[in-house]
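To start, the structure itself, in structure tokens.
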Amino acid sequence: MTCELILGGARSGKSREAERRAAASGLAVTVIATAEALDAEMAARIRRHQADRPAGWRTVEAPIALADTLREASAPGHCLVVDCLTLWLSNLFTDAHHLPPGASAEDLPAFRRERDALLAVLPTLPGHIILVANEVGLGLVPETALGRLFRDEAGRLNQAVAAACPRVVFVAAGLPLVLKDG
């Protein structure tokens with residue numbers, strides 16, 4: 001298995017870099033989309049992403065059960081692009097507004113179960129896996145406790161996935177900067 005993580009901010013070019021890497025692999029490509037079209041603006045974003053992809057690429061939606069989807073879709077000689085881990089994490093936080101003050105994301109059963117499943121399955125997958133994630137820790141400190149909890153968990157998830165991937169790239173202004181390649 002070859003696994004790589006592509007990080008960047010909003011509109012940094014991280015998805016385009018992931019698509020470029022997938023196309024360059026020469027393998028059959030499946031995009032695992034984690035976004036849900038919960039409003040018209042998000043539906044338009046999803047349509048734009050779909051229109052930008054090559055016609056032969058398959059798309060599978062996995063807003064929650066990412067580890068199971070990766071296990072089912074991965075195969076030798078195949079490339080999977082997960083776009084993106086940050087939206088997936090957001091989906092796992094849907095009940096977080098019910099957490100009492102001072103609670104941890106560990107108190108969210110779906111978060112704990114799905115995060116642990118993803119980190120366990122990554123090293124076992126055949127094929128080439130490209131994961132896309134937002135680097136959310138470079139901006140302002142979120143105003144709310146829930147925002148800070150999400151930012152912290154996104155950073156922890158990015159660190160754990162980066163540790164599992166031999167290649168990690170940070171994209172800014174459309175320019176890829178290789179952070180780890182080995």
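Please note that chains go A, B, ... in the order of the structure tokens, that every chain numbers its residues from 1, and that ligands are numbered from 1 in the order shown.
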
Open item on the list: What's around segment 92-100 of chain A at 9 Å? Count only C-alpha atoms, leave out sequence neighbours fewer than 4 positions away in its own chain, and write the answer as a ChimeraX atom specification.
Closed with: /A:63-64,87-88,104-105,107-108,110-112,114-115,146,150

TODO: Extract, using only C-alpha atoms, all DNA, RNA and protein residues at most 7 Å from segment 2-17 of chain A, discarding same-chain residues fewer than 5 positions from it, and format them as a PyMOL selection string.
DONE: chain A and resi 127-136+162+165-174

Since we have the selection now, will you write its residues out, keeping all heavy atoms, as a tab-separated table (two decimals), in the first residue's frame?
```
chain	number	residue	atom	x	y	z
A	127	GLY	N	-3.23	-1.08	-2.73
A	127	GLY	CA	-3.41	0.00	-3.69
A	127	GLY	C	-2.76	1.28	-3.23
A	127	GLY	O	-1.93	1.31	-2.32
A	128	HIS	N	-3.15	2.36	-3.88
A	128	HIS	CA	-2.62	3.70	-3.60
A	128	HIS	C	-3.74	4.54	-3.00
A	128	HIS	O	-4.80	4.67	-3.61
A	128	HIS	CB	-2.12	4.33	-4.90
A	128	HIS	CG	-1.42	5.63	-4.72
A	128	HIS	ND1	-0.07	5.70	-4.50
A	128	HIS	CD2	-1.88	6.89	-4.71
A	128	HIS	CE1	0.28	6.97	-4.37
A	128	HIS	NE2	-0.81	7.71	-4.49
A	129	ILE	N	-3.51	5.09	-1.82
A	129	ILE	CA	-4.53	5.87	-1.12
A	129	ILE	C	-4.03	7.31	-0.98
A	129	ILE	O	-2.93	7.54	-0.48
A	129	ILE	CB	-4.80	5.30	0.30
A	129	ILE	CG1	-4.96	3.78	0.29
A	129	ILE	CG2	-5.99	6.01	0.94
A	129	ILE	CD1	-6.09	3.24	-0.51
A	130	ILE	N	-4.85	8.26	-1.43
A	130	ILE	CA	-4.54	9.68	-1.30
A	130	ILE	C	-5.62	10.31	-0.43
A	130	ILE	O	-6.80	10.28	-0.79
A	130	ILE	CB	-4.48	10.38	-2.67
A	130	ILE	CG1	-3.43	9.72	-3.57
A	130	ILE	CG2	-4.19	11.88	-2.49
A	130	ILE	CD1	-3.44	10.21	-5.01
A	131	LEU	N	-5.22	10.86	0.70
A	131	LEU	CA	-6.16	11.48	1.63
A	131	LEU	C	-5.98	12.99	1.60
A	131	LEU	O	-4.85	13.47	1.64
A	131	LEU	CB	-5.92	10.96	3.04
A	131	LEU	CG	-6.03	9.44	3.16
A	131	LEU	CD1	-4.83	8.87	3.88
A	131	LEU	CD2	-7.31	9.04	3.84
A	132	VAL	N	-7.07	13.72	1.53
A	132	VAL	CA	-7.06	15.18	1.50
A	132	VAL	C	-7.63	15.68	2.82
A	132	VAL	O	-8.63	15.15	3.31
A	132	VAL	CB	-7.91	15.71	0.33
A	132	VAL	CG1	-7.95	17.23	0.32
A	132	VAL	CG2	-7.39	15.17	-1.00
A	133	ALA	N	-6.99	16.70	3.40
A	133	ALA	CA	-7.49	17.28	4.65
A	133	ALA	C	-7.15	18.76	4.71
A	133	ALA	O	-6.17	19.21	4.11
A	133	ALA	CB	-6.89	16.56	5.87
A	134	ASN	N	-7.97	19.48	5.45
A	134	ASN	CA	-7.71	20.90	5.69
A	134	ASN	C	-6.77	21.05	6.87
A	134	ASN	O	-6.90	20.33	7.87
A	134	ASN	CB	-9.01	21.63	6.02
A	134	ASN	CG	-9.88	21.82	4.81
A	134	ASN	OD1	-9.66	22.73	4.03
A	134	ASN	ND2	-10.85	20.95	4.64
A	135	GLU	N	-5.87	22.00	6.76
A	135	GLU	CA	-5.06	22.39	7.90
A	135	GLU	C	-5.78	23.58	8.52
A	135	GLU	O	-5.74	24.68	7.98
A	135	GLU	CB	-3.64	22.76	7.46
A	135	GLU	CG	-2.76	23.23	8.59
A	135	GLU	CD	-2.76	22.31	9.79
A	135	GLU	OE1	-2.20	21.21	9.70
A	135	GLU	OE2	-3.34	22.69	10.84
A	136	VAL	N	-6.50	23.33	9.61
A	136	VAL	CA	-7.35	24.37	10.20
A	136	VAL	C	-6.68	25.11	11.35
A	136	VAL	O	-7.24	26.05	11.88
A	136	VAL	CB	-8.72	23.79	10.67
A	136	VAL	CG1	-9.47	23.20	9.49
A	136	VAL	CG2	-8.53	22.76	11.76
A	162	ALA	N	-0.83	11.59	9.15
A	162	ALA	CA	0.51	11.90	8.62
A	162	ALA	C	1.54	10.88	9.11
A	162	ALA	O	2.43	10.49	8.36
A	162	ALA	CB	0.92	13.32	9.01
A	165	CYS	N	1.26	7.77	6.95
A	165	CYS	CA	1.53	7.92	5.51
A	165	CYS	C	3.00	8.20	5.25
A	165	CYS	O	3.58	9.09	5.87
A	165	CYS	CB	0.70	9.08	4.95
A	165	CYS	SG	-1.07	8.78	4.92
A	166	PRO	N	3.60	7.49	4.30
A	166	PRO	CA	5.00	7.76	3.97
A	166	PRO	C	5.19	9.10	3.24
A	166	PRO	O	6.28	9.64	3.24
A	166	PRO	CB	5.40	6.61	3.06
A	166	PRO	CG	4.24	5.73	2.90
A	166	PRO	CD	3.09	6.29	3.65
A	167	ARG	N	4.13	9.61	2.62
A	167	ARG	CA	4.24	10.88	1.88
A	167	ARG	C	3.19	11.85	2.42
A	167	ARG	O	2.01	11.52	2.50
A	167	ARG	CB	4.04	10.66	0.39
A	167	ARG	CG	4.16	11.91	-0.44
A	167	ARG	CD	4.02	11.58	-1.93
A	167	ARG	NE	3.82	12.75	-2.74
A	167	ARG	CZ	4.80	13.53	-3.21
A	167	ARG	NH1	6.06	13.24	-2.95
A	167	ARG	NH2	4.53	14.58	-3.95
A	168	VAL	N	3.65	13.07	2.74
A	168	VAL	CA	2.76	14.14	3.21
A	168	VAL	C	3.15	15.41	2.47
A	168	VAL	O	4.32	15.76	2.39
A	168	VAL	CB	2.87	14.36	4.74
A	168	VAL	CG1	1.94	15.48	5.20
A	168	VAL	CG2	2.56	13.06	5.49
A	169	VAL	N	2.13	16.09	1.92
A	169	VAL	CA	2.34	17.30	1.13
A	169	VAL	C	1.44	18.40	1.70
A	169	VAL	O	0.28	18.16	2.04
A	169	VAL	CB	1.98	17.04	-0.35
A	169	VAL	CG1	2.07	18.32	-1.18
A	169	VAL	CG2	2.87	15.96	-0.93
A	170	PHE	N	1.98	19.60	1.79
A	170	PHE	CA	1.20	20.77	2.17
A	170	PHE	C	1.07	21.64	0.92
A	170	PHE	O	2.07	21.91	0.24
A	170	PHE	CB	1.91	21.56	3.28
A	170	PHE	CG	1.11	22.75	3.75
A	170	PHE	CD1	0.06	22.58	4.63
A	170	PHE	CD2	1.43	24.02	3.31
A	170	PHE	CE1	-0.68	23.66	5.05
A	170	PHE	CE2	0.69	25.11	3.73
A	170	PHE	CZ	-0.37	24.94	4.61
A	171	VAL	N	-0.16	22.07	0.62
A	171	VAL	CA	-0.40	22.88	-0.56
A	171	VAL	C	-0.82	24.28	-0.13
A	171	VAL	O	-1.72	24.44	0.70
A	171	VAL	CB	-1.49	22.25	-1.46
A	171	VAL	CG1	-1.76	23.13	-2.68
A	171	VAL	CG2	-1.10	20.85	-1.88
A	172	ALA	N	-0.16	25.29	-0.68
A	172	ALA	CA	-0.53	26.69	-0.47
A	172	ALA	C	-0.46	27.40	-1.80
A	172	ALA	O	0.51	27.20	-2.56
A	172	ALA	CB	0.42	27.35	0.54
A	173	ALA	N	-1.48	28.18	-2.13
A	173	ALA	CA	-1.52	28.93	-3.39
A	173	ALA	C	-1.30	28.02	-4.60
A	173	ALA	O	-0.68	28.40	-5.58
A	173	ALA	CB	-0.50	30.06	-3.36
A	174	GLY	N	-1.80	26.78	-4.50
A	174	GLY	CA	-1.66	25.84	-5.60
A	174	GLY	C	-0.31	25.20	-5.74
A	174	GLY	O	-0.08	24.43	-6.66
```

Open item on the list: So, with only C-alpha atoms as the atoms that count, which of A:Val29, A:Met42, A:Cys79, A:Ala35 lies closest to Trp57 of chain A?
Closed with: A:Val29

Those in segment 4-163 of chain A with helix (DSSP H, G or I) from DSSP, as a compact mmCIF listing (two decimals) with N, CA, C and O atoms, in the first residue's frame:
```txt
# COMPACT_ATOMS: atom_id res chain seq x y z
N LYS A 14 -5.48 21.84 -2.76
CA LYS A 14 -5.20 20.49 -2.26
C LYS A 14 -5.97 19.41 -3.02
O LYS A 14 -5.41 18.37 -3.34
N SER A 15 -7.24 19.65 -3.34
CA SER A 15 -8.00 18.65 -4.10
C SER A 15 -7.44 18.51 -5.51
O SER A 15 -7.31 17.40 -6.03
N ARG A 16 -7.08 19.61 -6.11
CA ARG A 16 -6.50 19.56 -7.46
C ARG A 16 -5.18 18.79 -7.43
O ARG A 16 -4.87 18.01 -8.33
N GLU A 17 -4.37 18.99 -6.39
CA GLU A 17 -3.11 18.25 -6.26
C GLU A 17 -3.38 16.76 -6.09
O GLU A 17 -2.69 15.92 -6.68
N ALA A 18 -4.38 16.41 -5.29
CA ALA A 18 -4.73 15.00 -5.10
C ALA A 18 -5.18 14.39 -6.43
O ALA A 18 -4.78 13.26 -6.77
N GLU A 19 -5.99 15.13 -7.19
CA GLU A 19 -6.44 14.63 -8.48
C GLU A 19 -5.28 14.49 -9.46
O GLU A 19 -5.22 13.53 -10.23
N ARG A 20 -4.34 15.42 -9.42
CA ARG A 20 -3.16 15.35 -10.28
C ARG A 20 -2.34 14.10 -9.94
O ARG A 20 -1.91 13.36 -10.83
N ARG A 21 -2.14 13.86 -8.65
CA ARG A 21 -1.37 12.69 -8.21
C ARG A 21 -2.09 11.39 -8.60
O ARG A 21 -1.45 10.43 -9.01
N ALA A 22 -3.40 11.37 -8.45
CA ALA A 22 -4.17 10.17 -8.81
C ALA A 22 -4.06 9.91 -10.31
O ALA A 22 -3.82 8.77 -10.73
N ALA A 23 -4.22 10.95 -11.12
CA ALA A 23 -4.12 10.78 -12.58
C ALA A 23 -2.72 10.32 -12.97
O ALA A 23 -2.57 9.45 -13.83
N ALA A 24 -1.71 10.86 -12.32
CA ALA A 24 -0.32 10.50 -12.63
C ALA A 24 0.01 9.06 -12.23
O ALA A 24 0.96 8.48 -12.76
N SER A 25 -0.78 8.48 -11.33
CA SER A 25 -0.51 7.11 -10.89
C SER A 25 -0.74 6.10 -12.01
O SER A 25 -0.19 5.00 -11.97
N ALA A 40 -28.01 24.29 -0.75
CA ALA A 40 -27.78 24.55 -2.17
C ALA A 40 -26.33 24.92 -2.46
O ALA A 40 -25.77 24.51 -3.48
N GLU A 41 -25.71 25.68 -1.58
CA GLU A 41 -24.32 26.09 -1.80
C GLU A 41 -23.39 24.89 -1.80
O GLU A 41 -22.51 24.76 -2.65
N MET A 42 -23.60 23.96 -0.85
CA MET A 42 -22.76 22.77 -0.79
C MET A 42 -23.04 21.86 -1.99
O MET A 42 -22.10 21.26 -2.54
N ALA A 43 -24.27 21.78 -2.41
CA ALA A 43 -24.60 20.98 -3.60
C ALA A 43 -23.87 21.52 -4.82
O ALA A 43 -23.35 20.75 -5.64
N ALA A 44 -23.79 22.84 -4.94
CA ALA A 44 -23.07 23.46 -6.07
C ALA A 44 -21.58 23.15 -5.98
O ALA A 44 -20.93 22.87 -7.01
N ARG A 45 -21.00 23.19 -4.78
CA ARG A 45 -19.58 22.85 -4.61
C ARG A 45 -19.31 21.41 -5.04
O ARG A 45 -18.32 21.12 -5.71
N ILE A 46 -20.20 20.51 -4.63
CA ILE A 46 -20.04 19.09 -4.97
C ILE A 46 -20.12 18.90 -6.49
O ILE A 46 -19.30 18.19 -7.07
N ARG A 47 -21.08 19.56 -7.13
CA ARG A 47 -21.20 19.46 -8.59
C ARG A 47 -19.94 19.99 -9.29
O ARG A 47 -19.47 19.41 -10.27
N ARG A 48 -19.37 21.07 -8.76
CA ARG A 48 -18.15 21.65 -9.35
C ARG A 48 -16.99 20.67 -9.24
O ARG A 48 -16.24 20.46 -10.18
N HIS A 49 -16.85 20.03 -8.06
CA HIS A 49 -15.79 19.03 -7.88
C HIS A 49 -16.00 17.87 -8.85
O HIS A 49 -15.05 17.39 -9.47
N GLN A 50 -17.24 17.39 -8.97
CA GLN A 50 -17.52 16.28 -9.87
C GLN A 50 -17.20 16.62 -11.31
O GLN A 50 -16.64 15.81 -12.05
N ALA A 51 -17.55 17.84 -11.73
CA ALA A 51 -17.31 18.26 -13.11
C ALA A 51 -15.82 18.37 -13.43
O ALA A 51 -15.40 18.19 -14.57
N ASP A 52 -15.01 18.65 -12.41
CA ASP A 52 -13.56 18.80 -12.61
C ASP A 52 -12.84 17.46 -12.76
O ASP A 52 -11.71 17.43 -13.22
N LEU A 66 -16.15 5.71 6.75
CA LEU A 66 -15.00 5.83 5.86
C LEU A 66 -14.12 4.59 5.87
O LEU A 66 -13.70 4.11 4.82
N ALA A 67 -13.83 4.05 7.03
CA ALA A 67 -12.97 2.86 7.12
C ALA A 67 -13.59 1.69 6.37
O ALA A 67 -12.89 1.00 5.61
N ASP A 68 -14.88 1.47 6.55
CA ASP A 68 -15.56 0.37 5.85
C ASP A 68 -15.51 0.59 4.33
O ASP A 68 -15.27 -0.34 3.57
N THR A 69 -15.73 1.83 3.90
CA THR A 69 -15.71 2.15 2.48
C THR A 69 -14.32 1.94 1.90
O THR A 69 -14.17 1.38 0.81
N LEU A 70 -13.30 2.37 2.61
CA LEU A 70 -11.92 2.15 2.14
C LEU A 70 -11.62 0.67 2.02
O LEU A 70 -11.02 0.23 1.04
N ARG A 71 -12.03 -0.10 3.00
CA ARG A 71 -11.79 -1.55 2.98
C ARG A 71 -12.46 -2.17 1.76
O ARG A 71 -11.88 -3.02 1.08
N GLU A 72 -13.68 -1.75 1.46
CA GLU A 72 -14.43 -2.32 0.34
C GLU A 72 -13.90 -1.87 -1.01
O GLU A 72 -13.90 -2.64 -1.98
N ALA A 73 -13.44 -0.63 -1.11
CA ALA A 73 -13.05 -0.06 -2.40
C ALA A 73 -11.58 -0.26 -2.76
O ALA A 73 -11.22 -0.19 -3.94
N LEU A 85 -10.95 14.48 4.65
CA LEU A 85 -11.01 14.03 6.04
C LEU A 85 -11.66 15.06 6.96
O LEU A 85 -12.32 14.70 7.93
N THR A 86 -11.49 16.33 6.67
CA THR A 86 -12.03 17.38 7.55
C THR A 86 -13.56 17.41 7.48
O THR A 86 -14.22 17.55 8.52
N LEU A 87 -14.13 17.26 6.29
CA LEU A 87 -15.59 17.18 6.19
C LEU A 87 -16.11 15.92 6.86
O LEU A 87 -17.15 15.93 7.51
N TRP A 88 -15.38 14.83 6.71
CA TRP A 88 -15.75 13.58 7.37
C TRP A 88 -15.76 13.78 8.89
O TRP A 88 -16.70 13.37 9.56
N LEU A 89 -14.73 14.42 9.41
CA LEU A 89 -14.67 14.71 10.84
C LEU A 89 -15.86 15.56 11.25
O LEU A 89 -16.50 15.32 12.30
N SER A 90 -16.19 16.55 10.46
CA SER A 90 -17.35 17.40 10.74
C SER A 90 -18.63 16.56 10.82
O SER A 90 -19.47 16.79 11.69
N ASN A 91 -18.77 15.59 9.92
CA ASN A 91 -19.94 14.70 9.96
C ASN A 91 -20.00 13.91 11.26
O ASN A 91 -21.08 13.63 11.77
N LEU A 92 -18.84 13.55 11.79
CA LEU A 92 -18.80 12.80 13.06
C LEU A 92 -19.11 13.69 14.26
O LEU A 92 -19.36 13.18 15.35
N ALA A 96 -22.18 16.86 18.54
CA ALA A 96 -21.25 17.49 19.49
C ALA A 96 -21.87 18.66 20.24
O ALA A 96 -21.46 18.96 21.36
N HIS A 97 -22.89 19.30 19.66
CA HIS A 97 -23.52 20.42 20.36
C HIS A 97 -24.24 19.97 21.63
O HIS A 97 -24.58 20.79 22.47
N HIS A 98 -24.44 18.66 21.80
CA HIS A 98 -25.05 18.12 23.01
C HIS A 98 -24.04 17.81 24.11
O HIS A 98 -24.42 17.43 25.22
N ALA A 105 -14.13 15.07 22.65
CA ALA A 105 -14.67 14.39 21.48
C ALA A 105 -14.74 12.89 21.71
O ALA A 105 -15.53 12.19 21.07
N GLU A 106 -13.93 12.39 22.63
CA GLU A 106 -13.98 10.96 22.97
C GLU A 106 -15.35 10.56 23.52
O GLU A 106 -15.70 9.39 23.54
N ASP A 107 -16.13 11.55 23.96
CA ASP A 107 -17.48 11.30 24.47
C ASP A 107 -18.50 11.13 23.35
O ASP A 107 -19.67 10.88 23.62
N PRO A 109 -19.57 8.72 20.63
CA PRO A 109 -19.30 7.33 20.22
C PRO A 109 -18.95 7.17 18.74
O PRO A 109 -18.03 6.43 18.40
N ALA A 110 -19.65 7.86 17.85
CA ALA A 110 -19.37 7.71 16.41
C ALA A 110 -17.97 8.24 16.09
O ALA A 110 -17.25 7.63 15.31
N PHE A 111 -17.59 9.35 16.70
CA PHE A 111 -16.26 9.91 16.46
C PHE A 111 -15.19 8.91 16.86
O PHE A 111 -14.31 8.59 16.07
N ARG A 112 -15.27 8.43 18.06
CA ARG A 112 -14.24 7.51 18.58
C ARG A 112 -14.18 6.24 17.74
O ARG A 112 -13.11 5.81 17.32
N ARG A 113 -15.33 5.65 17.46
CA ARG A 113 -15.40 4.40 16.69
C ARG A 113 -14.84 4.58 15.28
O ARG A 113 -13.99 3.80 14.83
N GLU A 114 -15.29 5.60 14.57
CA GLU A 114 -14.90 5.80 13.18
C GLU A 114 -13.45 6.25 13.04
O GLU A 114 -12.74 5.82 12.14
N ARG A 115 -12.98 7.14 13.93
CA ARG A 115 -11.58 7.57 13.89
C ARG A 115 -10.66 6.39 14.13
O ARG A 115 -9.69 6.17 13.40
N ASP A 116 -10.96 5.60 15.17
CA ASP A 116 -10.12 4.45 15.48
C ASP A 116 -10.13 3.43 14.33
O ASP A 116 -9.09 2.84 14.00
N ALA A 117 -11.29 3.24 13.70
CA ALA A 117 -11.39 2.30 12.58
C ALA A 117 -10.55 2.79 11.40
O ALA A 117 -9.86 2.00 10.75
N LEU A 118 -10.59 4.09 11.11
CA LEU A 118 -9.80 4.63 10.01
C LEU A 118 -8.31 4.43 10.27
O LEU A 118 -7.58 3.93 9.40
N LEU A 119 -7.86 4.79 11.45
CA LEU A 119 -6.43 4.67 11.75
C LEU A 119 -5.97 3.21 11.76
O LEU A 119 -4.83 2.92 11.39
N ALA A 120 -6.85 2.30 12.12
CA ALA A 120 -6.50 0.87 12.11
C ALA A 120 -6.45 0.30 10.70
O ALA A 120 -5.60 -0.53 10.39
N VAL A 121 -7.34 0.75 9.82
CA VAL A 121 -7.43 0.16 8.49
C VAL A 121 -6.37 0.72 7.53
O VAL A 121 -5.93 0.02 6.61
N LEU A 122 -5.94 1.96 7.71
CA LEU A 122 -5.01 2.58 6.75
C LEU A 122 -3.79 1.71 6.43
O LEU A 122 -3.48 1.52 5.25
N PRO A 123 -3.08 1.17 7.43
CA PRO A 123 -1.87 0.40 7.08
C PRO A 123 -2.16 -0.94 6.41
O PRO A 123 -1.25 -1.57 5.90
N THR A 124 -3.41 -1.37 6.37
CA THR A 124 -3.74 -2.68 5.83
C THR A 124 -4.25 -2.64 4.40
O THR A 124 -4.45 -3.69 3.79
N ALA A 145 -16.30 26.96 22.27
CA ALA A 145 -15.65 25.75 22.77
C ALA A 145 -15.76 24.62 21.76
O ALA A 145 -14.80 23.87 21.55
N LEU A 146 -16.92 24.51 21.10
CA LEU A 146 -17.09 23.46 20.09
C LEU A 146 -16.16 23.69 18.90
O LEU A 146 -15.56 22.75 18.39
N GLY A 147 -16.00 24.93 18.49
CA GLY A 147 -15.07 25.24 17.40
C GLY A 147 -13.64 24.89 17.77
O GLY A 147 -12.88 24.36 16.94
N ARG A 148 -13.26 25.19 19.01
CA ARG A 148 -11.90 24.85 19.45
C ARG A 148 -11.71 23.33 19.54
O ARG A 148 -10.67 22.81 19.16
N LEU A 149 -12.74 22.62 20.00
CA LEU A 149 -12.68 21.16 20.08
C LEU A 149 -12.51 20.57 18.68
O LEU A 149 -11.68 19.68 18.46
N PHE A 150 -13.28 21.08 17.70
CA PHE A 150 -13.17 20.59 16.33
C PHE A 150 -11.77 20.86 15.77
O PHE A 150 -11.15 19.98 15.19
N ARG A 151 -11.28 22.08 15.96
CA ARG A 151 -9.93 22.43 15.48
C ARG A 151 -8.89 21.50 16.08
O ARG A 151 -8.01 21.00 15.38
N ASP A 152 -8.98 21.24 17.38
CA ASP A 152 -8.02 20.37 18.05
C ASP A 152 -8.09 18.95 17.50
O ASP A 152 -7.05 18.32 17.26
N GLU A 153 -9.29 18.42 17.32
CA GLU A 153 -9.43 17.05 16.82
C GLU A 153 -9.00 16.95 15.36
O GLU A 153 -8.43 15.93 14.96
N ALA A 154 -9.24 17.99 14.56
CA ALA A 154 -8.75 17.97 13.18
C ALA A 154 -7.22 17.92 13.17
O ALA A 154 -6.62 17.18 12.39
N GLY A 155 -6.59 18.70 14.04
CA GLY A 155 -5.13 18.67 14.13
C GLY A 155 -4.61 17.32 14.58
O GLY A 155 -3.62 16.82 14.04
N ARG A 156 -5.27 16.73 15.57
CA ARG A 156 -4.84 15.40 16.05
C ARG A 156 -5.01 14.35 14.96
O ARG A 156 -4.15 13.48 14.78
N LEU A 157 -6.14 14.41 14.24
CA LEU A 157 -6.38 13.46 13.16
C LEU A 157 -5.32 13.62 12.07
O LEU A 157 -4.75 12.64 11.59
N ASN A 158 -5.03 14.86 11.68
CA ASN A 158 -4.01 15.09 10.65
C ASN A 158 -2.65 14.54 11.09
O ASN A 158 -1.93 13.94 10.29
N GLN A 159 -2.30 14.74 12.35
CA GLN A 159 -1.03 14.21 12.84
C GLN A 159 -0.99 12.69 12.79
O GLN A 159 0.03 12.09 12.38
N ALA A 160 -2.08 12.04 13.21
CA ALA A 160 -2.12 10.58 13.22
C ALA A 160 -2.07 10.01 11.81
O ALA A 160 -1.37 9.03 11.54
N VAL A 161 -2.80 10.64 10.88
CA VAL A 161 -2.79 10.17 9.49
C VAL A 161 -1.42 10.43 8.87
O VAL A 161 -0.88 9.58 8.16
N ALA A 162 -0.83 11.59 9.15
CA ALA A 162 0.51 11.90 8.62
C ALA A 162 1.54 10.88 9.11
O ALA A 162 2.43 10.49 8.36
N ALA A 163 1.41 10.44 10.35
CA ALA A 163 2.33 9.44 10.88
C ALA A 163 2.19 8.11 10.15
O ALA A 163 3.16 7.38 9.99
```

Task: strand (DSSP E) residues, from DSSP on the backbone, in chain A, as an MDAnalysis selection string - done: chainID A and resid 2:8 28:33 58:61 78:83 128:134 167:172 175:181

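When atom CA of Ala55 of chain A is paired with atom CA of Pro76 of chain A, their separation reads 21.4 Å.
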
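Here atom CA of Leu140 of chain A is placed at a distance of 25.8 Å from atom CA of Glu36 of chain A.
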
- [ ] Identify which of the residues A:Cys84, A:Asp39, A:Thr30, A:Gly77 lies closest to Val60 of chain A, counting only C-alpha atoms when measuring atom-to-atom distances.
- [x] A:Thr30
